[in-house]
>>> print(open('target_14.cif').read())   # mmCIF, C-alpha atoms
data_query
loop_
_atom_site.group_PDB
_atom_site.id
_atom_site.type_symbol
_atom_site.label_atom_id
_atom_site.label_comp_id
_atom_site.auth_asym_id
_atom_site.auth_seq_id
_atom_site.Cartn_x
_atom_site.Cartn_y
_atom_site.Cartn_z
ATOM 1 C CA MET V 38 94.281 93.686 217.583
ATOM 2 C CA GLN V 39 97.993 93.616 216.725
ATOM 3 C CA ASP V 40 97.688 96.888 214.809
ATOM 4 C CA LEU V 41 96.112 98.523 217.852
ATOM 5 C CA ILE V 42 98.876 97.214 220.126
ATOM 6 C CA GLU V 43 101.500 98.663 217.782
ATOM 7 C CA LYS V 44 99.721 102.019 217.843
ATOM 8 C CA LEU V 45 99.575 102.024 221.643
ATOM 9 C CA LYS V 46 103.300 101.280 221.866
ATOM 10 C CA PHE V 47 104.242 104.498 220.112
ATOM 11 C CA GLU V 48 101.392 106.913 220.866
ATOM 12 C CA LYS V 49 102.471 109.846 223.036
ATOM 13 C CA GLU V 50 98.947 111.107 223.616
ATOM 14 C CA LEU V 51 95.411 109.725 223.483
ATOM 15 C CA LYS V 52 92.215 111.742 223.451
ATOM 16 C CA ILE V 53 88.965 110.639 225.075
ATOM 17 C CA VAL V 54 85.726 112.118 223.747
ATOM 18 C CA GLN V 55 82.551 111.298 225.633
ATOM 19 C CA LYS V 56 79.400 110.746 223.577
ATOM 20 C CA LYS V 57 76.358 112.059 225.442
ATOM 21 C CA GLU V 58 72.657 111.703 224.710
ATOM 22 C CA MET V 59 70.093 114.502 224.795
ATOM 23 C CA ILE V 60 68.043 112.675 227.447
ATOM 24 C CA GLU V 61 70.802 113.562 229.929
ATOM 25 C CA VAL V 62 69.725 117.203 229.735
ATOM 26 C CA LEU V 63 66.777 116.065 231.868
ATOM 27 C CA GLY V 64 69.103 114.599 234.486
ATOM 28 C CA PHE V 65 68.685 110.976 233.379
ATOM 29 C CA GLU V 66 72.038 109.165 233.438
ATOM 30 C CA SER V 67 72.522 106.839 230.481
ATOM 31 C CA LYS V 68 75.434 104.493 229.842
ATOM 32 C CA ASN V 69 78.761 106.240 229.397
ATOM 33 C CA LYS V 70 80.156 105.952 225.862
ATOM 34 C CA TYR V 71 83.494 107.166 224.540
ATOM 35 C CA GLU V 72 85.652 107.478 221.448
ATOM 36 C CA ILE V 73 89.401 106.980 221.930
ATOM 37 C CA LEU V 74 91.402 109.043 219.430
ATOM 38 C CA ASP V 75 95.083 109.131 218.510
ATOM 39 C CA GLN V 76 97.155 112.328 218.278
ATOM 40 C CA SER V 77 95.940 113.027 214.748
ATOM 41 C CA GLY V 78 92.291 112.791 215.819
ATOM 42 C CA SER V 79 91.593 109.426 214.195
ATOM 43 C CA VAL V 80 89.468 106.922 216.120
ATOM 44 C CA LEU V 81 91.543 104.083 217.586
ATOM 45 C CA MET V 82 88.787 102.323 219.511
ATOM 46 C CA TYR V 83 85.508 102.768 221.349
ATOM 47 C CA ALA V 84 84.639 102.264 225.011
ATOM 48 C CA GLY V 85 81.386 102.069 226.901
ATOM 49 C CA GLU V 86 79.587 100.724 229.923
ATOM 50 C CA SER V 87 77.785 97.415 229.622
ATOM 51 C CA GLY V 88 74.326 96.753 231.028
ATOM 52 C CA GLU V 89 71.163 97.099 228.984
ATOM 53 C CA GLY V 90 68.501 95.826 231.391
ATOM 54 C CA ILE V 91 66.068 97.783 233.526
ATOM 55 C CA PHE V 92 67.889 96.687 236.699
ATOM 56 C CA ASP V 93 71.173 98.221 235.462
ATOM 57 C CA THR V 94 69.336 101.398 234.504
ATOM 58 C CA ILE V 95 67.785 101.739 237.966
ATOM 59 C CA LEU V 96 71.108 101.125 239.732
ATOM 60 C CA ARG V 97 72.766 103.743 237.528
ATOM 61 C CA GLN V 98 70.220 106.372 238.662
ATOM 62 C CA ILE V 99 70.319 105.408 242.369
ATOM 63 C CA LEU V 100 73.937 104.421 243.055
ATOM 64 C CA GLY V 101 75.775 106.320 240.329
ATOM 65 C CA HIS V 102 79.475 105.491 240.174
ATOM 66 C CA TYR V 103 79.430 103.462 243.404
ATOM 67 C CA ARG V 104 77.681 100.543 241.698
ATOM 68 C CA ASN V 105 79.264 97.494 240.137
ATOM 69 C CA PHE V 106 79.929 98.231 236.462
ATOM 70 C CA ASN V 107 82.013 97.108 233.498
ATOM 71 C CA ILE V 108 83.684 99.250 230.850
ATOM 72 C CA ASN V 109 84.206 97.414 227.557
ATOM 73 C CA VAL V 110 86.660 98.470 224.847
ATOM 74 C CA TYR V 111 85.953 97.670 221.188
ATOM 75 C CA ASP V 112 87.866 98.025 217.962
ATOM 76 C CA LYS V 113 86.459 100.025 215.039
ATOM 77 C CA GLN V 114 84.693 96.913 213.743
ATOM 78 C CA GLY V 115 82.854 96.425 217.051
ATOM 79 C CA ALA V 116 84.831 93.436 218.360
ATOM 80 C CA GLN V 117 85.471 93.498 222.111
ATOM 81 C CA LEU V 118 89.154 93.766 223.040
ATOM 82 C CA PHE V 119 89.376 94.662 226.727
ATOM 83 C CA ARG V 120 87.222 94.963 229.836
ATOM 84 C CA ALA V 121 87.521 96.836 233.120
ATOM 85 C CA ASN V 122 85.465 95.896 236.182
ATOM 86 C CA HIS V 123 84.528 98.120 239.115
ATOM 87 C CA PRO V 124 82.989 96.210 242.048
ATOM 88 C CA PHE V 125 80.375 97.766 244.327
ATOM 89 C CA LYS V 126 82.329 99.897 246.827
ATOM 90 C CA PHE V 127 81.800 103.240 248.591
ATOM 91 C CA TYR V 128 85.345 104.387 249.402
ATOM 92 C CA PHE V 129 88.337 102.128 248.703
ATOM 93 C CA ARG V 130 87.201 101.731 245.142
ATOM 94 C CA GLU V 131 89.097 99.814 242.477
ATOM 95 C CA LEU V 132 89.107 99.037 238.775
ATOM 96 C CA SER V 133 90.659 95.841 237.343
ATOM 97 C CA VAL V 134 91.621 95.641 233.659
ATOM 98 C CA PHE V 135 91.472 92.456 231.543
ATOM 99 C CA ASP V 136 91.534 91.399 227.932
ATOM 100 C CA LYS V 137 88.650 89.481 226.375
ATOM 101 C CA ASP V 138 90.241 86.191 227.524
ATOM 102 C CA GLN V 139 90.405 87.407 231.158
ATOM 103 C CA LYS V 140 94.154 88.028 231.173
ATOM 104 C CA ASN V 141 94.801 90.587 233.917
ATOM 105 C CA PHE V 142 96.749 93.750 233.038
ATOM 106 C CA GLY V 143 96.550 95.597 236.329
ATOM 107 C CA LYS V 144 94.393 97.364 238.875
ATOM 108 C CA LEU V 145 93.680 100.922 239.989
ATOM 109 C CA THR V 146 92.894 101.330 243.714
ATOM 110 C CA LYS V 147 91.779 104.444 245.597
ATOM 111 C CA GLU V 148 93.812 105.175 248.739
ATOM 112 C CA PHE V 149 92.846 107.179 251.816
ATOM 113 C CA SER V 150 93.563 110.887 251.530
ATOM 114 C CA LEU V 151 91.948 113.975 253.026
ATOM 115 C CA LEU V 152 93.157 116.631 250.580
ATOM 116 C CA HIS V 153 93.931 114.751 247.373
ATOM 117 C CA LYS V 154 92.359 112.262 245.023
ATOM 118 C CA LYS V 155 94.961 109.546 245.532
ATOM 119 C CA PHE V 156 95.334 106.191 243.754
ATOM 120 C CA VAL V 157 97.860 103.445 243.187
ATOM 121 C CA ILE V 158 98.119 101.558 239.892
ATOM 122 C CA GLU V 159 99.439 98.023 240.333
ATOM 123 C CA LEU V 160 100.436 96.344 237.076
ATOM 124 C CA ALA V 161 100.348 92.596 236.415
ATOM 125 C CA ASN V 162 104.148 92.374 236.806
ATOM 126 C CA GLY V 163 103.954 93.855 240.316
ATOM 127 C CA GLU V 164 105.152 97.314 239.302
ATOM 128 C CA LYS V 165 103.346 100.185 241.017
ATOM 129 C CA LEU V 166 102.552 103.720 239.867
ATOM 130 C CA GLN V 167 101.072 106.543 241.922
ATOM 131 C CA MET V 168 98.342 108.891 240.773
ATOM 132 C CA LYS V 169 97.397 111.966 242.793
ATOM 133 C CA SER V 170 95.462 115.077 241.844
ATOM 134 C CA PRO V 171 97.089 118.283 243.213
ATOM 135 C CA ILE V 172 95.033 120.260 245.736
ATOM 136 C CA MET V 173 94.538 123.263 243.451
ATOM 137 C CA SER V 174 94.390 121.384 240.145
ATOM 138 C CA PHE V 175 91.325 119.151 240.330
ATOM 139 C CA TRP V 176 91.242 118.434 236.598
ATOM 140 C CA THR V 177 94.820 117.103 236.353
ATOM 141 C CA PHE V 178 96.038 113.658 237.462
ATOM 142 C CA PRO V 179 99.830 113.173 237.207
ATOM 143 C CA ILE V 180 101.028 109.553 237.242
ATOM 144 C CA LEU V 181 104.366 108.900 238.914
ATOM 145 C CA LYS V 182 106.876 106.069 238.891
ATOM 146 C CA ASN V 183 109.468 106.317 241.660
ATOM 147 C CA ASP V 184 108.476 109.991 242.143
ATOM 148 C CA ARG V 185 109.030 110.748 238.434
ATOM 149 C CA GLU V 186 106.109 111.776 236.236
ATOM 150 C CA VAL V 187 105.566 109.277 233.411
ATOM 151 C CA ALA V 188 102.040 110.172 232.271
ATOM 152 C CA THR V 189 99.247 112.679 232.883
ATOM 153 C CA ILE V 190 95.462 112.492 232.682
ATOM 154 C CA LYS V 191 93.823 115.878 232.171
ATOM 155 C CA LYS V 192 90.200 116.865 231.718
ATOM 156 C CA LYS V 193 89.659 119.381 228.924
ATOM 157 C CA TRP V 194 87.011 122.101 228.886
ATOM 158 C CA SER V 195 84.193 120.884 226.603
ATOM 159 C CA GLY V 196 82.417 124.191 226.078
ATOM 160 C CA LEU V 197 79.693 125.958 228.034
ATOM 161 C CA ILE V 198 76.702 124.104 226.571
ATOM 162 C CA LYS V 199 78.169 120.631 226.978
ATOM 163 C CA GLU V 200 79.546 121.346 230.455
ATOM 164 C CA SER V 201 76.316 122.957 231.681
ATOM 165 C CA PHE V 202 73.697 120.718 230.124
ATOM 166 C CA LEU V 203 75.112 117.526 228.614
ATOM 167 C CA ASP V 204 77.893 117.051 231.191
ATOM 168 C CA ALA V 205 80.061 115.699 228.324
ATOM 169 C CA ASP V 206 83.718 115.341 229.248
ATOM 170 C CA ASN V 207 86.873 115.279 227.138
ATOM 171 C CA PHE V 208 90.256 114.088 228.395
ATOM 172 C CA THR V 209 93.814 113.874 227.155
ATOM 173 C CA VAL V 210 96.137 111.104 228.332
ATOM 174 C CA SER V 211 99.779 112.084 227.759
ATOM 175 C CA PHE V 212 102.677 109.618 228.029
ATOM 176 C CA SER V 213 105.979 111.359 228.811
ATOM 177 C CA ASP V 214 108.010 108.179 229.407
ATOM 178 C CA PRO V 215 108.755 106.380 226.085
ATOM 179 C CA SER V 216 109.565 103.160 227.931
ATOM 180 C CA LEU V 217 105.962 102.615 229.044
ATOM 181 C CA SER V 218 104.592 99.336 227.694
ATOM 182 C CA TRP V 219 101.338 99.222 225.760
ATOM 183 C CA GLU V 220 99.804 97.262 228.659
ATOM 184 C CA THR V 221 100.706 100.072 231.070
ATOM 185 C CA LYS V 222 99.245 102.656 228.677
ATOM 186 C CA LEU V 223 96.050 100.607 228.484
ATOM 187 C CA VAL V 224 95.652 100.544 232.289
ATOM 188 C CA ILE V 225 96.288 104.304 232.430
ATOM 189 C CA LEU V 226 93.693 104.843 229.694
ATOM 190 C CA MET V 227 91.100 102.806 231.598
ATOM 191 C CA SER V 228 91.993 104.785 234.727
ATOM 192 C CA ALA V 229 91.062 107.965 232.838
ATOM 193 C CA LEU V 230 87.615 106.530 232.048
ATOM 194 C CA PHE V 231 87.227 105.589 235.716
ATOM 195 C CA ILE V 232 88.110 109.167 236.741
ATOM 196 C CA ASP V 233 85.426 110.543 234.435
ATOM 197 C CA ILE V 234 82.739 108.241 235.815
ATOM 198 C CA SER V 235 83.870 108.830 239.409
ATOM 199 C CA TYR V 236 84.407 112.588 239.538
ATOM 200 C CA PHE V 237 82.809 114.277 236.554
ATOM 201 C CA GLU V 238 79.475 112.472 236.204
ATOM 202 C CA LYS V 239 76.313 113.477 238.038
ATOM 203 C CA LYS V 240 76.091 111.799 241.442
ATOM 204 C CA PRO V 241 72.999 110.162 242.923
ATOM 205 C CA SER V 242 71.101 112.591 245.161
#
>>> encode(input="target_14.cif", output="C-alpha coordinates")
Amino acid sequence: MQDLIEKLKFEKELKIVQKKEMIEVLGFESKNKYEILDQSGSVLMYAGESGEGIFDTILRQILGHYRNFNINVYDKQGAQLFRANHPFKFYFRELSVFDKDQKNFGKLTKEFSLLHKKFVIELANGEKLQMKSPIMSFWTFPILKNDREVATIKKKWSGLIKESFLDADNFTVSFSDPSLSWETKLVILMSALFIDISYFEKKPS
(Lines of atoms letter the chains of each structure in order from A and count residues from 1; the text may use other names and numbers.)
(Lines give C-alpha, C1' and ligand atoms only; values in the text may rest on other atoms or scores of the structure.)
Protein backbone atom coordinates (compact mmCIF):
# COMPACT_ATOMS: atom_id res chain seq x y z
CA MET A 1 0.00 0.00 0.00
CA GLN A 2 2.74 2.46 0.96
CA ASP A 3 4.69 1.66 -2.21
CA LEU A 4 1.60 2.42 -4.29
CA ILE A 5 1.06 5.73 -2.47
CA GLU A 6 4.67 6.71 -3.17
CA LYS A 7 4.19 5.88 -6.85
CA LEU A 8 1.02 7.96 -7.05
CA LYS A 9 2.77 10.94 -5.47
CA PHE A 10 5.26 11.22 -8.31
CA GLU A 11 3.47 9.77 -11.34
CA LYS A 12 2.79 12.38 -14.04
CA GLU A 13 0.58 10.10 -16.10
CA LEU A 14 -1.50 6.97 -15.57
CA LYS A 15 -2.91 4.73 -18.27
CA ILE A 16 -6.22 2.88 -18.02
CA VAL A 17 -6.68 -0.23 -20.16
CA GLN A 18 -10.12 -1.82 -20.17
CA LYS A 19 -10.28 -5.61 -20.28
CA LYS A 20 -13.26 -6.75 -22.34
CA GLU A 21 -14.77 -10.19 -22.82
CA MET A 22 -15.80 -11.73 -26.14
CA ILE A 23 -19.40 -12.14 -24.95
CA GLU A 24 -19.75 -8.36 -25.28
CA VAL A 25 -19.58 -8.73 -29.06
CA LEU A 26 -23.14 -10.04 -28.72
CA GLY A 27 -24.23 -6.92 -26.87
CA PHE A 28 -24.17 -8.49 -23.40
CA GLU A 29 -22.66 -6.07 -20.86
CA SER A 30 -20.37 -7.78 -18.37
CA LYS A 31 -18.63 -6.21 -15.39
CA ASN A 32 -16.13 -3.51 -16.29
CA LYS A 33 -12.52 -4.48 -15.54
CA TYR A 34 -9.39 -2.38 -15.89
CA GLU A 35 -5.62 -2.38 -15.57
CA ILE A 36 -4.02 0.81 -14.23
CA LEU A 37 -0.53 1.31 -15.67
CA ASP A 38 2.27 3.74 -14.86
CA GLN A 39 4.14 5.79 -17.48
CA SER A 40 6.47 2.90 -18.29
CA GLY A 41 3.53 0.56 -18.95
CA SER A 42 3.91 -1.49 -15.78
CA VAL A 43 0.74 -2.50 -13.92
CA LEU A 44 0.22 -0.46 -10.74
CA MET A 45 -3.17 -1.85 -9.75
CA TYR A 46 -6.41 -3.34 -11.02
CA ALA A 47 -9.96 -2.00 -10.88
CA GLY A 48 -13.34 -3.55 -11.53
CA GLU A 49 -17.03 -3.46 -10.76
CA SER A 50 -18.33 -5.63 -7.95
CA GLY A 51 -21.50 -7.69 -8.17
CA GLU A 52 -21.53 -11.34 -9.15
CA GLY A 53 -25.18 -12.30 -8.63
CA ILE A 54 -27.94 -12.68 -11.19
CA PHE A 55 -29.71 -9.58 -9.84
CA ASP A 56 -26.62 -7.41 -10.51
CA THR A 57 -26.33 -8.91 -13.99
CA ILE A 58 -29.95 -8.09 -14.82
CA LEU A 59 -29.66 -4.52 -13.53
CA ARG A 60 -26.50 -4.03 -15.60
CA GLN A 61 -28.40 -4.98 -18.79
CA ILE A 62 -31.53 -2.92 -17.99
CA LEU A 63 -30.25 0.21 -16.22
CA GLY A 64 -26.69 0.42 -17.52
CA HIS A 65 -24.65 3.15 -15.85
CA TYR A 66 -27.65 4.64 -14.03
CA ARG A 67 -27.72 1.78 -11.52
CA ASN A 68 -26.08 1.64 -8.13
CA PHE A 69 -22.59 0.17 -8.54
CA ASN A 70 -19.20 -0.06 -6.84
CA ILE A 71 -15.76 0.10 -8.42
CA ASN A 72 -13.09 -1.68 -6.38
CA VAL A 73 -9.35 -1.11 -6.72
CA TYR A 74 -6.89 -3.92 -5.95
CA ASP A 75 -3.14 -4.19 -5.72
CA LYS A 76 -1.20 -6.67 -7.87
CA GLN A 77 -1.64 -9.35 -5.20
CA GLY A 78 -5.44 -8.99 -5.29
CA ALA A 79 -5.91 -7.15 -1.98
CA GLN A 80 -8.60 -4.46 -2.05
CA LEU A 81 -7.28 -0.94 -1.50
CA PHE A 82 -10.01 1.52 -2.47
CA ARG A 83 -13.69 1.64 -3.39
CA ALA A 84 -15.89 4.08 -5.28
CA ASN A 85 -19.68 4.05 -4.97
CA HIS A 86 -22.22 5.36 -7.47
CA PRO A 87 -25.79 5.50 -6.10
CA PHE A 88 -28.83 4.99 -8.31
CA LYS A 89 -29.43 8.34 -10.03
CA PHE A 90 -30.61 9.49 -13.48
CA TYR A 91 -29.11 12.99 -13.81
CA PHE A 92 -27.26 14.60 -10.89
CA ARG A 93 -25.05 11.57 -10.62
CA GLU A 94 -22.15 11.23 -8.20
CA LEU A 95 -19.26 8.98 -7.29
CA SER A 96 -17.76 8.86 -3.76
CA VAL A 97 -14.26 7.47 -3.19
CA PHE A 98 -13.15 5.60 -0.04
CA ASP A 99 -10.34 3.40 1.15
CA LYS A 100 -10.99 -0.13 2.41
CA ASP A 101 -11.60 1.26 5.93
CA GLN A 102 -14.27 3.69 4.63
CA LYS A 103 -12.10 6.80 4.90
CA ASN A 104 -13.55 9.33 2.45
CA PHE A 105 -11.23 10.90 -0.14
CA GLY A 106 -13.71 12.95 -2.12
CA LYS A 107 -16.69 12.98 -4.44
CA LEU A 108 -17.40 13.65 -8.11
CA THR A 109 -20.80 15.24 -8.85
CA LYS A 110 -22.44 15.95 -12.21
CA GLU A 111 -23.75 19.51 -12.58
CA PHE A 112 -26.46 20.84 -14.88
CA SER A 113 -25.21 21.87 -18.31
CA LEU A 114 -26.81 21.95 -21.75
CA LEU A 115 -23.70 21.95 -23.94
CA HIS A 116 -20.97 20.40 -21.80
CA LYS A 117 -20.34 17.38 -19.65
CA LYS A 118 -19.77 19.30 -16.43
CA PHE A 119 -18.67 18.02 -13.01
CA VAL A 120 -17.27 19.25 -9.73
CA ILE A 121 -14.75 17.25 -7.70
CA GLU A 122 -14.97 17.97 -3.97
CA LEU A 123 -12.05 16.61 -1.97
CA ALA A 124 -12.18 15.54 1.68
CA ASN A 125 -10.44 18.76 2.76
CA GLY A 126 -13.16 20.88 1.12
CA GLU A 127 -11.09 21.83 -1.92
CA LYS A 128 -13.01 21.85 -5.20
CA LEU A 129 -11.92 21.14 -8.77
CA GLN A 130 -13.94 21.61 -11.94
CA MET A 131 -14.12 19.15 -14.81
CA LYS A 132 -15.78 20.07 -18.10
CA SER A 133 -15.56 18.49 -21.53
CA PRO A 134 -15.24 21.11 -24.33
CA ILE A 135 -18.10 21.25 -26.83
CA MET A 136 -16.01 20.04 -29.77
CA SER A 137 -13.71 17.70 -27.84
CA PHE A 138 -15.93 14.98 -26.39
CA TRP A 139 -13.05 12.64 -25.55
CA THR A 140 -11.09 15.14 -23.42
CA PHE A 141 -11.90 16.19 -19.84
CA PRO A 142 -9.67 18.99 -18.48
CA ILE A 143 -9.64 19.37 -14.68
CA LEU A 144 -9.27 22.90 -13.34
CA LYS A 145 -8.33 24.42 -10.01
CA ASN A 146 -9.12 28.13 -9.77
CA ASP A 147 -9.44 28.23 -13.59
CA ARG A 148 -5.99 26.66 -14.04
CA GLU A 149 -5.64 23.22 -15.62
CA VAL A 150 -4.05 20.74 -13.20
CA ALA A 151 -4.93 17.41 -14.84
CA THR A 152 -6.55 15.95 -17.95
CA ILE A 153 -8.52 12.78 -18.64
CA LYS A 154 -8.44 11.73 -22.29
CA LYS A 155 -9.91 8.74 -24.07
CA LYS A 156 -7.51 7.11 -26.52
CA TRP A 157 -8.49 5.42 -29.77
CA SER A 158 -8.39 1.65 -29.15
CA GLY A 159 -8.40 0.47 -32.75
CA LEU A 160 -11.21 -0.28 -35.18
CA ILE A 161 -11.98 -3.83 -34.01
CA LYS A 162 -12.08 -3.00 -30.32
CA GLU A 163 -14.03 0.23 -30.84
CA SER A 164 -16.55 -1.38 -33.20
CA PHE A 165 -17.11 -4.74 -31.57
CA LEU A 166 -15.63 -5.01 -28.07
CA ASP A 167 -16.27 -1.38 -27.08
CA ALA A 168 -12.95 -1.52 -25.14
CA ASP A 169 -11.74 1.87 -23.98
CA ASN A 170 -8.28 3.17 -23.10
CA PHE A 171 -7.64 6.40 -21.21
CA THR A 172 -4.69 8.50 -20.13
CA VAL A 173 -4.83 10.58 -16.95
CA SER A 174 -2.18 13.32 -17.03
CA PHE A 175 -1.21 15.38 -13.98
CA SER A 176 0.28 18.76 -14.94
CA ASP A 177 0.38 20.21 -11.40
CA PRO A 178 3.20 18.59 -9.34
CA SER A 179 1.61 19.77 -6.10
CA LEU A 180 -1.39 17.44 -6.45
CA SER A 181 -1.59 15.02 -3.53
CA TRP A 182 -1.84 11.28 -4.09
CA GLU A 183 -5.38 11.40 -2.66
CA THR A 184 -6.38 13.98 -5.28
CA LYS A 185 -4.80 11.86 -8.03
CA LEU A 186 -6.75 8.85 -6.77
CA VAL A 187 -10.09 10.72 -6.96
CA ILE A 188 -9.22 11.93 -10.48
CA LEU A 189 -8.34 8.37 -11.49
CA MET A 190 -11.67 7.06 -10.19
CA SER A 191 -13.39 9.90 -12.04
CA ALA A 192 -11.84 8.60 -15.26
CA LEU A 193 -13.34 5.15 -14.63
CA PHE A 194 -16.71 6.80 -13.96
CA ILE A 195 -16.45 8.69 -17.28
CA ASP A 196 -15.83 5.44 -19.14
CA ILE A 197 -18.83 3.70 -17.59
CA SER A 198 -21.04 6.78 -18.05
CA TYR A 199 -20.21 7.91 -21.58
CA PHE A 200 -18.38 5.19 -23.47
CA GLU A 201 -20.25 2.02 -22.47
CA LYS A 202 -23.32 0.71 -24.26
CA LYS A 203 -26.50 2.22 -22.82
CA PRO A 204 -29.70 0.33 -22.01
CA SER A 205 -32.17 0.51 -24.90
>>> resolve_selection(input="target_14.cif", expression="the PyMOL selection byres ((chain V and resi 83) around 7)", output="PyMOL selection string")
chain V and resi 71-73+82+84-85+110-113
>>> resolve_selection(input="target_14.cif", expression="the PyMOL selection byres ((chain V and resi 225) around 12)", output="JSON, numbers by chain")
{"V": [45, 50, 51, 121, 132, 133, 134, 142, 143, 144, 145, 156, 157, 158, 159, 160, 165, 166, 167, 168, 178, 179, 180, 181, 187, 188, 189, 190, 191, 209, 210, 211, 212, 217, 218, 219, 220, 221, 222, 223, 224, 226, 227, 228, 229, 230, 231, 232]}
>>> axis_aligned_box(input="target_14.cif", around="stretch 166-179 of chain V", padding_each_side="6 Å", output="JSON")
{"center_x": 96.9, "center_y": 113.5, "center_z": 241.0, "size_x": 23.3, "size_y": 31.5, "size_z": 21.4}
>>> atom_distance(input="target_14.cif", atom1="atom CA of V:Asn69", atom2="atom CA of V:Lys56")
7.4 Å
>>> closest_residue(input="target_14.cif", among="V:Phe237, V:Phe106, V:Phe208, V:Phe149", to="V:Tyr128", atoms="all atoms listed in the file")
V:Phe149
>>> atom_distance(input="target_14.cif", atom1="atom CA of V:Lys155", atom2="atom CA of V:Lys169")
4.4 Å
>>> residues_near_point(input="target_14.cif", point="(95.2, 95.7, 223.4)", cutoff="7 Å", atoms="all atoms listed in the file", output="list of chain:residue names")
V:Met38, V:Leu41, V:Ile42, V:Leu118, V:Phe119
>>> atom_distance(input="target_14.cif", atom1="atom CA of V:Glu148", atom2="atom CA of V:Lys126")
12.8 Å
